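Notes for the one structure printed next.
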Amino acid sequence: MAKGHRSQIKRERNANKDTRPSAKLSYARVSVQKACFVLDAIRGKDVQTAIGILTYNPRYASSIIKKLLESAIANAENNNGMNADNLYVAECYANKGPTMKRIRPRAQGRAYRIEKRMSHITVVLDER
């Protein structure tokens, strides 16, 4: 049996909530492995450095992650009242999303499966 009234349980659950500004992109059409190459490059960096890295990174995932990072910065400024100069990338990770399965015809009537992978990308910022 749970301890306390429903409102008390909810209050305890919400007290443990992470208040750091973040942005999440669900169902991004890039595989987790390819997104992680770019995320590893910006993890722990300050925001201006991370945007510079993403601007000149030739990978496709970097354009997606740059927009996501700019969204997280806007969330920090508007929702939390933080200064953009003091922010850094505290966490960034990509989780596996659903996979679209497609069929490619091959020789002698065979069919090969092509898997188009998706990912859920999250960027969490924090103040120094």
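As shown in the structure tokens, the chain order sets the letters A, B, ...; within each chain, residues go from 1, and ligands are also counted from 1 in the order they appear.
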**Request:** Step one, run DSSP on the backbone; step two, keep only residues of range 41-94 of chain A assigned to alpha helix (DSSP H); then write them as an MDAnalysis selection string.
**Result:** chainID A and resid 41:42 47:55 60:79
**Request:** Identify, on the basis of only C-alpha atoms, every residue whose closest approach to range 30-39 of chain A does not exceed 7 Å; exclude the query and any residue fewer than 3 positions from it along the same chain; express the result as a list in words.
**Result:** Ile42, Arg43, Ala61, Ser62, Cys92, Tyr93, Ala94, Asn95, Lys96, Arg117, Met118 and Ser119 of chain A
Just the selected residues (N, CA and C atoms), exported as an mmCIF file, in the first residue's frame, please.
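File produced: part_34.cif:
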```cif
data_model
loop_
_atom_site.group_PDB
_atom_site.id
_atom_site.type_symbol
_atom_site.label_atom_id
_atom_site.label_comp_id
_atom_site.auth_asym_id
_atom_site.auth_seq_id
_atom_site.Cartn_x
_atom_site.Cartn_y
_atom_site.Cartn_z
ATOM 1 N N ILE A 42 30.292 17.024 -28.810
ATOM 2 C CA ILE A 42 29.858 18.229 -28.104
ATOM 3 C C ILE A 42 29.606 18.017 -26.615
ATOM 4 N N ARG A 43 29.653 16.804 -26.144
ATOM 5 C CA ARG A 43 29.355 16.528 -24.733
ATOM 6 C C ARG A 43 30.379 17.206 -23.824
ATOM 7 N N ALA A 61 23.729 14.286 -39.194
ATOM 8 C CA ALA A 61 23.156 14.380 -37.850
ATOM 9 C C ALA A 61 23.492 15.707 -37.178
ATOM 10 N N SER A 62 24.580 16.349 -37.587
ATOM 11 C CA SER A 62 24.980 17.592 -36.929
ATOM 12 C C SER A 62 23.987 18.720 -37.184
ATOM 13 N N CYS A 92 23.990 14.566 -23.326
ATOM 14 C CA CYS A 92 23.382 14.422 -24.649
ATOM 15 C C CYS A 92 23.481 12.953 -25.023
ATOM 16 N N TYR A 93 22.362 12.399 -25.440
ATOM 17 C CA TYR A 93 22.344 10.977 -25.774
ATOM 18 C C TYR A 93 21.270 10.699 -26.815
ATOM 19 N N ALA A 94 21.428 9.558 -27.467
ATOM 20 C CA ALA A 94 20.465 9.114 -28.473
ATOM 21 C C ALA A 94 19.991 7.722 -28.090
ATOM 22 N N ASN A 95 18.679 7.566 -28.031
ATOM 23 C CA ASN A 95 18.081 6.265 -27.753
ATOM 24 C C ASN A 95 17.476 5.700 -29.026
ATOM 25 N N LYS A 96 17.361 4.390 -29.060
ATOM 26 C CA LYS A 96 16.849 3.711 -30.237
ATOM 27 C C LYS A 96 15.353 3.949 -30.393
ATOM 28 N N ARG A 117 16.582 3.070 -39.730
ATOM 29 C CA ARG A 117 16.527 3.228 -38.281
ATOM 30 C C ARG A 117 16.209 4.666 -37.875
ATOM 31 N N MET A 118 15.539 4.783 -36.718
ATOM 32 C CA MET A 118 15.219 6.091 -36.145
ATOM 33 C C MET A 118 15.796 6.172 -34.743
ATOM 34 N N SER A 119 15.889 7.400 -34.233
ATOM 35 C CA SER A 119 16.415 7.574 -32.883
ATOM 36 C C SER A 119 15.701 8.727 -32.196
#
```
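The residue set within 9 Å of Gln48 in chain A, counting only C-alpha atoms and dropping same-chain residues fewer than 6 places from it, reads Ala84, Asp85, Leu87 and Tyr88 of chain A.
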**Request:** Please return as a PyMOL selection string: the residues of chain A that backbone DSSP assigns to strand (DSSP E).
**Result:** chain A and resi 22-28+87-105+111-127
For the selection you just gave me, I'd like the residues written to a file as a short mmCIF file (atom, residue, chain, number, x, y, z; two decimals), in the first residue's frame, keeping N, CA and C atoms.
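Wrote it out as part33.cif, contents follow:
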```
data_model
loop_
_atom_site.label_atom_id
_atom_site.label_comp_id
_atom_site.auth_asym_id
_atom_site.auth_seq_id
_atom_site.Cartn_x
_atom_site.Cartn_y
_atom_site.Cartn_z
N SER A 22 16.21 21.38 -21.22
CA SER A 22 16.54 20.31 -22.16
C SER A 22 15.66 20.45 -23.39
N ALA A 23 16.00 19.68 -24.41
CA ALA A 23 15.20 19.58 -25.62
C ALA A 23 15.32 18.15 -26.12
N LYS A 24 14.20 17.63 -26.63
CA LYS A 24 14.19 16.24 -27.10
C LYS A 24 13.58 16.19 -28.49
N LEU A 25 14.21 15.42 -29.37
CA LEU A 25 13.70 15.20 -30.71
C LEU A 25 13.38 13.72 -30.83
N SER A 26 12.12 13.41 -31.05
CA SER A 26 11.70 12.02 -31.21
C SER A 26 11.59 11.68 -32.69
N TYR A 27 11.87 10.45 -33.00
CA TYR A 27 11.72 9.90 -34.36
C TYR A 27 12.59 10.63 -35.38
N ALA A 28 13.83 10.92 -35.02
CA ALA A 28 14.77 11.52 -35.97
C ALA A 28 15.23 10.43 -36.93
N LEU A 87 26.00 28.59 -20.11
CA LEU A 87 25.47 27.24 -20.31
C LEU A 87 26.52 26.33 -20.94
N TYR A 88 26.41 25.03 -20.60
CA TYR A 88 27.21 24.00 -21.25
C TYR A 88 26.36 22.75 -21.44
N VAL A 89 26.82 21.85 -22.28
CA VAL A 89 26.08 20.62 -22.58
C VAL A 89 26.39 19.61 -21.49
N ALA A 90 25.45 19.43 -20.56
CA ALA A 90 25.67 18.52 -19.43
C ALA A 90 25.49 17.07 -19.88
N GLU A 91 24.42 16.80 -20.60
CA GLU A 91 24.14 15.45 -21.10
C GLU A 91 23.65 15.56 -22.53
N CYS A 92 23.99 14.57 -23.33
CA CYS A 92 23.38 14.42 -24.65
C CYS A 92 23.48 12.95 -25.02
N TYR A 93 22.36 12.40 -25.44
CA TYR A 93 22.34 10.98 -25.77
C TYR A 93 21.27 10.70 -26.81
N ALA A 94 21.43 9.56 -27.47
CA ALA A 94 20.47 9.11 -28.47
C ALA A 94 19.99 7.72 -28.09
N ASN A 95 18.68 7.57 -28.03
CA ASN A 95 18.08 6.26 -27.75
C ASN A 95 17.48 5.70 -29.03
N LYS A 96 17.36 4.39 -29.06
CA LYS A 96 16.85 3.71 -30.24
C LYS A 96 15.35 3.95 -30.39
N GLY A 97 14.94 4.28 -31.61
CA GLY A 97 13.53 4.46 -31.92
C GLY A 97 13.04 3.28 -32.76
N PRO A 98 11.85 3.39 -33.31
CA PRO A 98 11.34 2.31 -34.16
C PRO A 98 12.10 2.23 -35.48
N THR A 99 12.06 1.08 -36.10
CA THR A 99 12.76 0.85 -37.35
C THR A 99 11.75 0.62 -38.46
N MET A 100 11.89 1.37 -39.56
CA MET A 100 11.04 1.13 -40.73
C MET A 100 11.68 0.01 -41.54
N LYS A 101 10.88 -0.97 -41.91
CA LYS A 101 11.40 -2.10 -42.68
C LYS A 101 10.96 -1.98 -44.12
N ARG A 102 11.93 -2.06 -45.03
CA ARG A 102 11.67 -1.96 -46.45
C ARG A 102 12.25 -3.17 -47.15
N ILE A 103 11.70 -3.48 -48.30
CA ILE A 103 12.15 -4.65 -49.06
C ILE A 103 12.85 -4.19 -50.33
N ARG A 104 14.00 -4.79 -50.63
CA ARG A 104 14.77 -4.49 -51.84
C ARG A 104 14.85 -5.76 -52.67
N PRO A 105 14.37 -5.72 -53.91
CA PRO A 105 14.46 -6.93 -54.75
C PRO A 105 15.90 -7.24 -55.12
N ALA A 111 14.39 -11.39 -51.87
CA ALA A 111 14.13 -10.06 -51.34
C ALA A 111 15.03 -9.83 -50.13
N TYR A 112 15.72 -8.70 -50.12
CA TYR A 112 16.56 -8.33 -48.99
C TYR A 112 15.85 -7.24 -48.21
N ARG A 113 15.96 -7.31 -46.90
CA ARG A 113 15.32 -6.32 -46.04
C ARG A 113 16.29 -5.16 -45.80
N ILE A 114 15.76 -3.96 -45.94
CA ILE A 114 16.50 -2.76 -45.59
C ILE A 114 15.85 -2.17 -44.35
N GLU A 115 16.65 -1.88 -43.35
CA GLU A 115 16.13 -1.32 -42.11
C GLU A 115 16.51 0.14 -42.02
N LYS A 116 15.51 1.02 -42.02
CA LYS A 116 15.73 2.46 -41.89
C LYS A 116 15.50 2.81 -40.43
N ARG A 117 16.58 3.07 -39.73
CA ARG A 117 16.53 3.23 -38.28
C ARG A 117 16.21 4.67 -37.87
N MET A 118 15.54 4.78 -36.72
CA MET A 118 15.22 6.09 -36.15
C MET A 118 15.80 6.17 -34.74
N SER A 119 15.89 7.40 -34.23
CA SER A 119 16.41 7.57 -32.88
C SER A 119 15.70 8.73 -32.20
N HIS A 120 15.75 8.71 -30.86
CA HIS A 120 15.23 9.78 -30.03
C HIS A 120 16.45 10.48 -29.41
N ILE A 121 16.67 11.74 -29.78
CA ILE A 121 17.87 12.46 -29.36
C ILE A 121 17.49 13.46 -28.26
N THR A 122 18.27 13.49 -27.18
CA THR A 122 18.02 14.39 -26.06
C THR A 122 19.28 15.19 -25.75
N VAL A 123 19.10 16.50 -25.54
CA VAL A 123 20.20 17.38 -25.13
C VAL A 123 19.79 18.07 -23.84
N VAL A 124 20.62 17.96 -22.79
CA VAL A 124 20.36 18.58 -21.50
C VAL A 124 21.48 19.57 -21.21
N LEU A 125 21.10 20.80 -20.87
CA LEU A 125 22.08 21.84 -20.56
C LEU A 125 22.14 22.10 -19.07
N ASP A 126 23.19 22.79 -18.64
CA ASP A 126 23.31 23.19 -17.24
C ASP A 126 24.17 24.44 -17.18
N GLU A 127 24.11 25.14 -16.04
CA GLU A 127 24.87 26.38 -15.85
C GLU A 127 26.19 26.11 -15.15
#
```
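Distance-wise, CA of Asn86 in chain A and CA of Gly44 in chain A end up 12.6 Å apart.
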**Message:** Please list as a VMD selection string every residue within 8 Å of range 50-53 of chain A, counting only C-alpha atoms and excluding residues in the same chain fewer than 2 positions away.
**Reply:** chain A and resid 41 to 42 45 to 48 55 to 57 66 69 89
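One finds CA of Asn83 in chain A at 14.3 Å from CA of Ser71 in chain A.
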**Asked** At what distance in Å, to one decimal, does CA of Arg20 in chain A lie from CA of Ile65 in chain A?
**Response** 18.0 Å
